[in-house]
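Student: This is the content of work_30.txt (compact mmCIF, C-alpha atoms):
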# COMPACT_ATOMS: atom_id res chain seq x y z
CA MET W 1 -48.54 25.85 53.77
CA VAL W 2 -51.87 27.54 53.04
CA MET W 3 -51.13 27.18 49.32
CA GLU W 4 -50.46 23.43 49.72
CA GLN W 5 -53.71 22.96 51.64
CA HIS W 6 -55.58 24.86 48.93
CA THR W 7 -54.06 22.60 46.21
CA GLU W 8 -54.98 19.47 48.15
CA ASP W 9 -58.55 20.74 48.61
CA ASN W 10 -58.77 21.32 44.87
CA ILE W 11 -57.49 17.81 44.12
CA GLU W 12 -60.09 16.33 46.49
CA LYS W 13 -62.83 18.48 44.95
CA ASP W 14 -61.85 17.39 41.41
CA LEU W 15 -61.85 13.75 42.48
CA ALA W 16 -65.28 14.06 44.09
CA GLU W 17 -66.62 15.72 40.92
CA ASP W 18 -65.15 13.00 38.68
CA ARG W 19 -66.65 10.28 40.85
CA ALA W 20 -70.04 11.94 40.98
CA TRP W 21 -70.08 12.35 37.20
CA ALA W 22 -69.22 8.66 36.65
CA GLU W 23 -71.87 7.59 39.20
CA SER W 24 -74.53 9.72 37.53
CA LEU W 25 -73.92 7.90 34.24
CA LEU W 26 -73.02 4.39 35.39
CA ASN W 27 -74.96 3.73 38.62
CA LYS W 28 -73.11 4.02 41.94
CA GLN W 29 -74.29 0.66 43.30
CA SER W 30 -73.14 -1.22 40.20
CA LEU W 31 -69.77 0.48 40.36
CA SER W 32 -69.21 -0.53 43.96
CA GLN W 33 -70.47 -4.07 43.25
CA PHE W 34 -68.04 -4.29 40.34
CA ASN W 35 -65.17 -3.30 42.62
CA LEU W 36 -66.15 -5.90 45.22
CA SER W 37 -66.05 -8.64 42.60
CA LYS W 38 -62.58 -7.54 41.45
CA THR W 39 -61.03 -7.10 44.86
CA ASP W 40 -61.54 -10.51 46.34
CA ALA W 41 -58.75 -13.02 46.89
CA PRO W 42 -58.63 -16.57 48.25
CA PHE W 43 -58.73 -16.92 52.03
CA ASN W 44 -55.34 -16.19 53.71
CA TYR W 45 -53.81 -15.42 50.31
CA PHE W 46 -52.01 -12.27 51.52
CA ASP W 47 -50.67 -13.98 54.67
CA SER W 48 -48.44 -16.28 52.66
CA PHE W 49 -47.80 -14.07 49.63
CA SER W 50 -44.59 -12.47 50.96
CA ASP W 51 -43.09 -15.91 51.75
CA LYS W 52 -43.95 -17.08 48.25
CA VAL W 53 -42.23 -14.06 46.72
CA MET W 54 -39.12 -14.41 48.92
CA GLN W 55 -38.82 -18.11 48.04
CA ARG W 56 -39.02 -17.28 44.36
CA ILE W 57 -36.39 -14.55 44.75
CA GLU W 58 -34.08 -17.02 46.51
CA ARG W 59 -34.65 -19.60 43.77
CA GLU W 60 -33.83 -17.07 41.06
CA LYS W 61 -30.68 -16.00 42.95
CA ILE W 62 -29.46 -19.62 42.99
CA GLU W 63 -30.28 -20.05 39.30
CA LYS W 64 -28.36 -16.84 38.47
CA THR W 65 -25.35 -17.98 40.51
CA ASN W 66 -25.31 -21.36 38.76
CA SER W 67 -25.57 -19.84 35.32
CA LYS W 68 -22.67 -17.46 36.11
CA ILE W 69 -20.24 -20.43 36.34
CA PHE W 70 -20.24 -20.73 32.56
CA PHE W 71 -19.67 -17.04 31.87
CA LEU W 72 -17.10 -14.38 32.57
CA PRO W 73 -17.25 -12.59 35.94
CA SER W 74 -19.47 -9.52 35.97
CA PHE W 75 -16.59 -6.99 35.88
CA MET W 76 -15.40 -8.54 32.59
CA ARG W 77 -18.82 -8.67 31.01
CA PRO W 78 -18.49 -5.40 29.04
CA ILE W 79 -15.37 -6.90 27.40
CA ASN W 80 -17.38 -9.96 26.37
CA LYS W 81 -18.91 -8.61 23.17
CA TRP W 82 -15.61 -7.07 22.05
CA ALA W 83 -13.82 -10.38 22.62
CA VAL W 84 -16.41 -12.17 20.49
CA ALA W 85 -16.13 -9.51 17.76
CA ALA W 86 -12.31 -9.68 17.79
CA ALA W 87 -12.33 -13.49 17.60
CA PHE W 88 -14.76 -13.33 14.66
CA ILE W 89 -12.57 -10.82 12.79
CA ILE W 90 -9.44 -12.93 13.41
CA VAL W 91 -11.09 -16.12 12.16
CA VAL W 92 -12.71 -14.56 9.07
CA GLY W 93 -9.72 -12.34 8.22
CA GLY W 94 -7.21 -15.14 8.80
CA SER W 95 -9.13 -17.54 6.59
CA PHE W 96 -9.39 -14.92 3.83
CA ILE W 97 -5.63 -14.18 3.87
CA PHE W 98 -4.69 -17.88 3.99
CA LEU W 99 -7.00 -18.86 1.12
CA ASN W 100 -5.99 -15.85 -0.98
CA ASN W 101 -2.31 -16.72 -0.52
CA SER W 102 -2.84 -20.36 -1.50
CA VAL W 103 -4.73 -19.39 -4.64
CA SER W 104 -2.00 -16.97 -5.79
CA LYS W 105 0.71 -19.60 -5.16
CA LYS W 106 -1.29 -22.15 -7.12
CA THR W 107 -1.71 -19.70 -10.00
CA GLU W 108 2.01 -18.91 -10.08
CA ALA W 109 2.87 -22.59 -10.03
CA SER W 110 0.52 -23.42 -12.90
CA ILE W 111 1.90 -20.57 -15.06
CA VAL W 112 5.42 -21.90 -14.55
CA ALA W 113 4.34 -25.46 -15.28
CA ASN W 114 2.62 -24.48 -18.53
CA ASN W 115 5.57 -22.52 -19.92
CA ILE W 116 8.57 -24.65 -18.88
CA SER W 117 8.87 -28.32 -19.61
CA LEU W 118 10.39 -30.45 -16.84
CA GLN W 119 13.11 -31.86 -19.05
CA ASP W 120 14.37 -28.30 -19.78
CA LEU W 121 15.23 -27.78 -16.14
CA SER W 122 18.33 -28.89 -14.32
CA SER W 123 17.95 -30.87 -11.09
CA GLU W 124 19.38 -27.89 -9.12
CA GLU W 125 16.69 -25.61 -10.53
CA ILE W 126 14.02 -28.13 -9.62
CA GLU W 127 15.31 -28.40 -6.06
CA THR W 128 15.39 -24.61 -5.64
CA TYR W 129 11.84 -24.39 -7.00
CA VAL W 130 10.64 -27.09 -4.64
CA ASP W 131 12.31 -25.46 -1.63
CA ALA W 132 10.79 -22.08 -2.45
CA ASN W 133 7.26 -23.32 -3.18
CA GLU W 134 7.05 -26.05 -0.54
CA TRP W 135 4.14 -28.45 -0.79
CA ILE W 136 2.42 -26.79 -3.75
CA ALA W 137 5.56 -27.27 -5.80
CA GLU W 138 5.72 -30.92 -4.76
CA ILE W 139 2.27 -31.52 -6.12
CA ASP W 140 3.17 -29.70 -9.38
CA VAL W 141 6.33 -31.75 -9.89
CA GLN W 142 4.45 -34.99 -9.31
CA THR W 143 1.74 -33.96 -11.78
CA GLN W 144 4.36 -33.06 -14.37
CA MET W 145 6.19 -36.37 -13.84
CA GLN W 146 2.95 -38.30 -14.27
CA LYS W 147 2.33 -36.45 -17.54
CA GLU W 148 5.83 -37.32 -18.78
CA ASN W 149 5.38 -40.99 -17.85
CA ALA W 150 2.09 -41.11 -19.70
CA ARG W 151 3.73 -39.59 -22.78
CA LEU W 152 6.62 -42.08 -22.67
CA SER W 153 4.32 -45.09 -22.29
CA SER W 154 2.38 -44.04 -25.39
CA LEU W 155 5.57 -44.16 -27.58
CA ASP W 156 6.36 -47.21 -29.77
CA GLU W 157 9.72 -48.99 -29.76
CA LYS W 158 11.13 -47.07 -32.77
CA GLN W 159 10.50 -43.72 -31.13
CA ILE W 160 12.08 -44.94 -27.86
CA GLU W 161 15.20 -46.07 -29.74
CA GLU W 162 15.51 -42.65 -31.41
CA ILE W 163 15.27 -40.89 -28.03
CA LYS W 164 17.91 -43.22 -26.53
CA LYS W 165 20.24 -42.38 -29.46
CA THR W 166 19.78 -38.63 -28.90
CA ILE W 167 20.53 -38.99 -25.18
CA THR W 168 23.74 -41.06 -25.74
CA GLN W 169 25.00 -38.66 -28.42
CA MET E 170 -45.13 1.95 60.98
CA ALA E 171 -42.03 2.99 59.03
CA SER E 172 -42.56 5.10 55.90
CA ASP E 173 -41.78 3.82 52.41
CA GLN E 174 -38.78 6.09 52.28
CA GLU E 175 -37.30 4.76 55.54
CA LEU E 176 -37.78 1.16 54.45
CA ILE E 177 -36.19 1.82 51.06
CA ILE E 178 -33.17 3.66 52.53
CA GLN E 179 -32.53 0.80 54.96
CA PHE E 180 -32.88 -1.72 52.15
CA GLN E 181 -30.45 0.24 49.99
CA GLU E 182 -27.97 0.46 52.87
CA SER E 183 -28.19 -3.33 53.23
CA ILE E 184 -29.69 -3.15 56.70
CA ASN E 185 -32.04 -6.12 57.12
CA ARG E 186 -32.76 -6.13 53.42
CA GLU E 187 -35.23 -8.99 53.55
CA ALA E 188 -37.14 -7.63 56.53
CA ASN E 189 -37.44 -4.16 55.04
CA PHE E 190 -38.48 -5.49 51.67
CA THR E 191 -41.10 -7.74 53.26
CA ALA E 192 -42.46 -4.79 55.24
CA LEU E 193 -42.74 -2.77 52.03
CA LEU E 194 -44.40 -5.67 50.25
CA LYS E 195 -46.92 -6.29 53.04
CA LYS E 196 -47.82 -2.61 53.08
CA HIS E 197 -48.71 -2.47 49.38
CA GLN E 198 -49.41 -6.05 48.30
CA GLN E 199 -53.21 -5.78 48.37
CA LYS E 200 -53.46 -2.63 46.25
CA VAL E 201 -51.02 -4.04 43.69
CA TYR E 202 -52.88 -7.35 43.52
CA TYR E 203 -56.29 -5.67 43.16
CA GLN E 204 -55.01 -3.35 40.47
CA ILE E 205 -53.69 -6.32 38.50
CA LYS E 206 -56.84 -8.37 39.08
CA ARG E 207 -59.03 -5.57 37.75
CA MET E 208 -57.14 -5.97 34.48
CA VAL E 209 -56.80 -9.76 34.17
CA THR E 210 -59.78 -11.07 36.23
CA ASP E 211 -58.32 -14.55 36.87
CA HIS E 212 -56.71 -15.08 40.31
CA ALA E 213 -53.92 -17.41 39.08
CA ASP E 214 -52.85 -14.84 36.46
CA ALA E 215 -53.06 -11.97 38.94
CA ASP E 216 -51.00 -13.96 41.46
CA ASP E 217 -48.32 -14.76 38.89
CA ILE E 218 -48.07 -11.14 37.71
CA ALA E 219 -48.00 -9.83 41.29
CA GLN E 220 -45.05 -12.12 42.06
CA LEU E 221 -43.22 -10.92 38.95
CA VAL E 222 -43.84 -7.32 39.98
CA TRP E 223 -42.35 -7.83 43.45
CA ILE E 224 -39.36 -9.75 42.07
CA LYS E 225 -38.71 -6.79 39.77
CA ILE E 226 -39.01 -4.40 42.70
CA TRP E 227 -36.44 -6.48 44.63
CA ASP E 228 -34.05 -6.38 41.65
CA LYS E 229 -34.44 -2.65 40.97
CA LEU E 230 -34.96 -1.18 44.44
CA ASP E 231 -31.24 -0.47 44.89
CA GLY E 232 -31.41 1.87 41.91
CA PHE E 233 -34.62 3.65 42.97
CA LYS E 234 -33.68 7.32 43.45
CA MET E 235 -36.90 8.49 45.12
CA GLU E 236 -37.46 11.16 42.51
CA SER E 237 -41.09 10.03 42.41
CA GLU E 238 -43.31 8.44 45.04
CA PHE E 239 -42.61 4.75 45.60
CA THR E 240 -46.26 3.88 44.89
CA THR E 241 -46.13 5.67 41.52
CA TRP E 242 -43.11 3.58 40.56
CA LEU E 243 -44.69 0.43 41.96
CA PHE E 244 -47.95 0.90 40.06
CA ARG E 245 -46.07 1.74 36.86
CA ILE E 246 -44.17 -1.56 37.11
CA ALA E 247 -47.43 -3.40 37.89
CA TYR E 248 -49.15 -1.76 34.89
CA ASN E 249 -46.29 -2.62 32.50
CA GLU E 250 -45.95 -6.19 33.77
CA THR E 251 -49.70 -6.73 33.38
CA LEU E 252 -49.65 -5.39 29.82
CA ASN E 253 -46.69 -7.64 28.96
CA TYR E 254 -48.45 -10.62 30.48
CA ILE E 255 -51.67 -9.95 28.56
CA GLN E 256 -49.75 -9.60 25.30
CA LYS E 257 -47.85 -12.83 25.95
CA GLN E 258 -50.93 -14.79 26.82
CA LYS E 259 -52.69 -13.57 23.67
CA LYS E 260 -56.07 -14.37 25.03
CA GLN E 261 -59.03 -12.38 26.16
CA LEU E 262 -58.30 -12.45 29.87
CA THR E 263 -60.58 -9.55 30.58
CA SER E 264 -63.72 -10.87 28.88
CA PRO E 265 -66.19 -12.03 31.47
CA SER E 266 -66.82 -15.75 31.09
CA ASN E 267 -70.21 -17.35 31.53
CA ASN E 268 -69.15 -18.30 35.05
CA ASP E 269 -68.51 -14.65 35.88
CA LEU E 270 -71.96 -13.68 34.67
CA ILE E 271 -73.56 -16.48 36.67
CA GLU E 272 -71.58 -15.37 39.74
CA TYR E 273 -72.81 -11.83 39.29
CA GLU E 274 -76.40 -12.92 38.91
CA HIS E 275 -76.08 -15.04 42.01
CA ALA E 276 -74.39 -12.30 44.03
CA THR E 277 -76.94 -9.65 43.20
CA ALA E 278 -80.13 -11.66 42.87
CA SER E 279 -80.97 -11.73 46.55
CA SER E 280 -80.75 -8.02 47.21
CA ASP E 281 -81.28 -6.25 43.91
CA SER E 282 -84.08 -5.89 41.43
CA PRO E 283 -83.71 -7.70 38.05
CA LYS E 284 -83.00 -4.35 36.39
CA SER E 285 -80.07 -3.72 38.72
CA THR E 286 -78.60 -7.18 37.92
CA GLU E 287 -78.72 -6.39 34.21
CA ILE E 288 -76.92 -3.12 34.78
CA GLN E 289 -74.35 -4.94 36.89
CA ILE E 290 -73.57 -7.51 34.19
CA GLY E 291 -73.59 -4.80 31.55
CA LEU E 292 -71.13 -2.68 33.50
CA ASP E 293 -68.69 -5.56 33.88
CA SER E 294 -68.95 -6.42 30.21
CA ALA E 295 -68.57 -2.77 29.20
CA ILE E 296 -65.51 -2.14 31.37
CA SER E 297 -63.86 -5.30 30.06
CA GLN E 298 -64.23 -3.97 26.51
CA LEU E 299 -62.32 -0.75 27.23
CA PRO E 300 -58.76 -0.37 25.90
CA GLU E 301 -56.24 -1.27 28.63
CA LYS E 302 -55.04 2.27 29.19
CA GLN E 303 -58.56 3.69 29.58
CA LYS E 304 -59.50 0.85 31.87
CA VAL E 305 -56.50 1.41 34.16
CA VAL E 306 -56.97 5.18 34.22
CA PHE E 307 -60.62 4.71 35.17
CA MET E 308 -59.76 2.22 37.94
CA LEU E 309 -56.94 4.33 39.38
CA ARG E 310 -59.08 7.49 39.35
CA TYR E 311 -62.43 6.17 40.47
CA TYR E 312 -61.43 3.35 42.85
CA GLU E 313 -57.95 4.35 44.06
CA GLY E 314 -58.63 8.10 44.04
CA PHE E 315 -55.22 8.91 42.52
CA ASP E 316 -54.66 12.42 41.17
CA TYR E 317 -54.12 12.83 37.42
CA GLU E 318 -50.42 13.64 37.80
CA LYS E 319 -49.76 10.29 39.44
CA ILE E 320 -51.97 8.41 36.95
CA ALA E 321 -50.15 10.10 34.06
CA SER E 322 -46.78 8.91 35.44
CA ILE E 323 -48.06 5.36 35.89
CA VAL E 324 -49.49 4.89 32.40
CA GLY E 325 -46.92 7.05 30.64
CA THR E 326 -49.05 9.93 29.39
CA THR E 327 -49.66 13.61 30.10
CA ILE E 328 -52.05 14.95 32.74
CA GLY E 329 -54.36 16.05 29.93
CA GLY E 330 -54.10 12.61 28.37
CA ALA E 331 -55.03 10.95 31.65
CA LYS E 332 -58.07 13.25 32.07
CA ALA E 333 -59.17 12.51 28.50
CA ASN E 334 -58.79 8.77 29.09
CA TYR E 335 -60.99 8.92 32.21
CA HIS E 336 -63.73 10.84 30.45
CA GLN E 337 -63.60 8.62 27.36
CA ALA E 338 -63.76 5.51 29.56
CA VAL E 339 -66.88 6.71 31.38
CA LYS E 340 -68.61 7.79 28.16
CA LYS E 341 -67.75 4.50 26.42
CA VAL E 342 -69.05 2.40 29.33
CA GLU E 343 -72.23 4.47 29.34
CA GLY E 344 -72.59 3.86 25.61
CA PHE E 345 -72.09 0.08 26.00
CA ILE E 346 -74.69 -0.09 28.78
CA LYS E 347 -77.25 1.88 26.72
CA GLN E 348 -76.86 -0.60 23.85
CA LEU E 349 -77.83 -3.54 26.10
Mind converting the file's structure to structure tokens?

Tutor:
Amino acid sequence: MVMEQHTEDNIEKDLAEDRAWAESLLNKQSLSQFNLSKTDAPFNYFDSFSDKVMQRIEREKIEKTNSKIFFLPSFMRPINKWAVAAAFIIVVGGSFIFLNNSVSKKTEASIVANNISLQDLSSEEIETYVDANEWIAEIDVQTQMQKENARLSSLDEKQIEEIKKTITQ
Amino acid sequence: MASDQELIIQFQESINREANFTALLKKHQQKVYYQIKRMVTDHADADDIAQLVWIKIWDKLDGFKMESEFTTWLFRIAYNETLNYIQKQKKQLTSPSNNDLIEYEHATASSDSPKSTEIQIGLDSAISQLPEKQKVVFMLRYYEGFDYEKIASIVGTTIGGAKANYHQAVKKVEGFIKQL
């Protein structure tokens, strides 16, 4: 108890010394005048200040409640960022796998198309190919057929006759 | 009158939260406002910052563990909010305008000698030129009579740092006044 009193006395003494030192350098009257000019407020300002603060708190509470409608409830909020991250990974990863798969199918299809001519294949083989390669194969077959048509239309009558003979033989 | 601690405990236990908070606010509102106004000068700015401070106190009071004095915590929030506000505004809120100087001249002309008026204007100008931390330390020490431990907690420095800031502030203001 005595110790506490002694410490408090010392604190008071230090404060008095600090104030006296400042006043000796900066003029006591000016210092107190400065404080007066900084510690004035409009008339009745403090009487209504608490009401003003409480109204603003109420307003912010309502705004917070309204904004919560569009978001997850507070107990789920920590999950929020993980859900966003997971969705991002699924979208990006899924797109990568899908695109990669399509490209490899396309490549396989074009290799086959370049090496085997359509007329060398039986209709059964074509059907099996189409079933296995779905829509990509469909596109390939159509492209190949268009190429064949273009080749046939460029032939003259003599060449057509020769082909007909070979087929009938 | 109930102590800060009693009001805070009742608030935290959800007993008349609004009434207890208002009692706490009314008890300290003037000191907080004056402290802010010493840093920003303009009433509208000081009023806005003071409201922000008390809204923050309302939001955070449930988590206040009473490891420090309530006023230390309160003044620290007020100091930080004021600094944020000044940085956001990006304008010299603390520089005395011509109107301030005219007000000073008018206020002191009737009772003081011309020399005293000059010192008065010089002091205001000099204090406004101090770095924010030195200014606050000087105000809290000289006008509020806070001990250095409390000031150090408010401005986020050591006790030695707070003492150094007070002495530097006084010496700088003296230097500014001598130049006038």

Student: Neighbours of Val339 of chain E within 8 Å (all atoms listed in the file; same-chain residues fewer than 5 positions away dropped), as a ChimeraX atom specification?

Tutor: /W:22,25-26 /E:307

Student: Chain W near chain E within 7 Å: what's each residue's closest atom pair and its distance in Å to one decimal, counting all atoms listed in the file, ordered by chain then ascending residue number, as JSON lines?

Tutor:
{"residue": "W:Ile11", "atom": "CA", "partner": "E:Asp316", "partner_atom": "CA", "distance": 6.8}
{"residue": "W:Leu15", "atom": "CA", "partner": "E:Gly314", "partner_atom": "CA", "distance": 6.7}
{"residue": "W:Arg19", "atom": "CA", "partner": "E:Tyr311", "partner_atom": "CA", "distance": 5.9}
{"residue": "W:Ala22", "atom": "CA", "partner": "E:Val339", "partner_atom": "CA", "distance": 6.1}
{"residue": "W:Leu25", "atom": "CA", "partner": "E:Glu343", "partner_atom": "CA", "distance": 6.2}
{"residue": "W:Leu26", "atom": "CA", "partner": "E:Glu343", "partner_atom": "CA", "distance": 6.1}
{"residue": "W:Ser30", "atom": "CA", "partner": "E:Gln289", "partner_atom": "CA", "distance": 5.1}
{"residue": "W:Phe34", "atom": "CA", "partner": "E:Asp293", "partner_atom": "CA", "distance": 6.6}
{"residue": "W:Lys38", "atom": "CA", "partner": "E:Arg207", "partner_atom": "CA", "distance": 5.5}
{"residue": "W:Thr39", "atom": "CA", "partner": "E:Tyr203", "partner_atom": "CA", "distance": 5.2}
{"residue": "W:Ser50", "atom": "CA", "partner": "E:Thr191", "partner_atom": "CA", "distance": 6.3}
{"residue": "W:Val53", "atom": "CA", "partner": "E:Gln220", "partner_atom": "CA", "distance": 5.8}
{"residue": "W:Ile57", "atom": "CA", "partner": "E:Ile224", "partner_atom": "CA", "distance": 6.2}

Student: Please compute the atom CA of Gln33 of chain W-atom CA of Glu301 of chain E distance, one decimal, in Å.

Tutor: 20.6 Å

Student: With all atoms listed in the file as the basis for distance, which of E:Thr251, E:Ser183, E:Ser172, E:Asn189 is at the shortest distance from Val201 of chain E?

Tutor: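 When distances to Val201 of chain E are compared using all atoms listed in the file, the smallest one comes from E:Thr251.
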
Student: If you measure from atom CA of Ser322 of chain E to atom CA of Ser32 of chain W, what distance in Å do you get, rounded to one decimal?

Tutor: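 Computing it gives 25.8 Å between the two atoms.
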
Student: Contacts of Ile323 of chain E at 8 Å or less, counting all atoms listed in the file, minus same-chain residues fewer than 4 places along, as a VMD selection string?

Tutor: chain E and resid 241 to 242 244 to 245 248 319

Student: Taking all atoms listed in the file into account, name the residue in W:Asn101, W:Met54, W:Thr65, W:Ser123 that is nearest to Ile226 of chain E.

Tutor: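 Once distances to Ile226 of chain E are computed over all atoms listed in the file, the minimum belongs to W:Met54.
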
Student: Would you compute the distance between atom CA of Thr326 of chain E and atom CA of Ser237 of chain E? Give it in Å to one decimal.

Tutor: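 These atoms are spaced 15.3 Å apart.
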
Student: Find the residue from W:Ser24, W:Gln144, W:Ser67, W:Ser153 that sits nearest to Ile126 of chain W; use all atoms listed in the file when measuring.

Tutor: W:Gln144

Student: If we count only C-alpha atoms, what is near Gln181 of chain E at a cut-off of 9 Å, once residues fewer than 2 positions away on the same chain are taken out, given as a list in words?

Tutor: Leu176, Ile177, Ile178, Gln179, Ser183, Ile184, Arg186, Leu230, Asp231, Gly232 and Phe233 of chain E

Student: Store the residues picked out above in a file with C-alpha atoms, as a PDB file, in the frame of the given file.

Tutor:
ATOM      1  CA  LEU E 176     -37.780   1.160  54.450  1.00  0.00           C
ATOM      2  CA  ILE E 177     -36.190   1.820  51.060  1.00  0.00           C
ATOM      3  CA  ILE E 178     -33.170   3.660  52.530  1.00  0.00           C
ATOM      4  CA  GLN E 179     -32.530   0.800  54.960  1.00  0.00           C
ATOM      5  CA  SER E 183     -28.190  -3.330  53.230  1.00  0.00           C
ATOM      6  CA  ILE E 184     -29.690  -3.150  56.700  1.00  0.00           C
ATOM      7  CA  ARG E 186     -32.760  -6.130  53.420  1.00  0.00           C
ATOM      8  CA  LEU E 230     -34.960  -1.180  44.440  1.00  0.00           C
ATOM      9  CA  ASP E 231     -31.240  -0.470  44.890  1.00  0.00           C
ATOM     10  CA  GLY E 232     -31.410   1.870  41.910  1.00  0.00           C
ATOM     11  CA  PHE E 233     -34.620   3.650  42.970  1.00  0.00           C
TER      12      PHE E 233
END
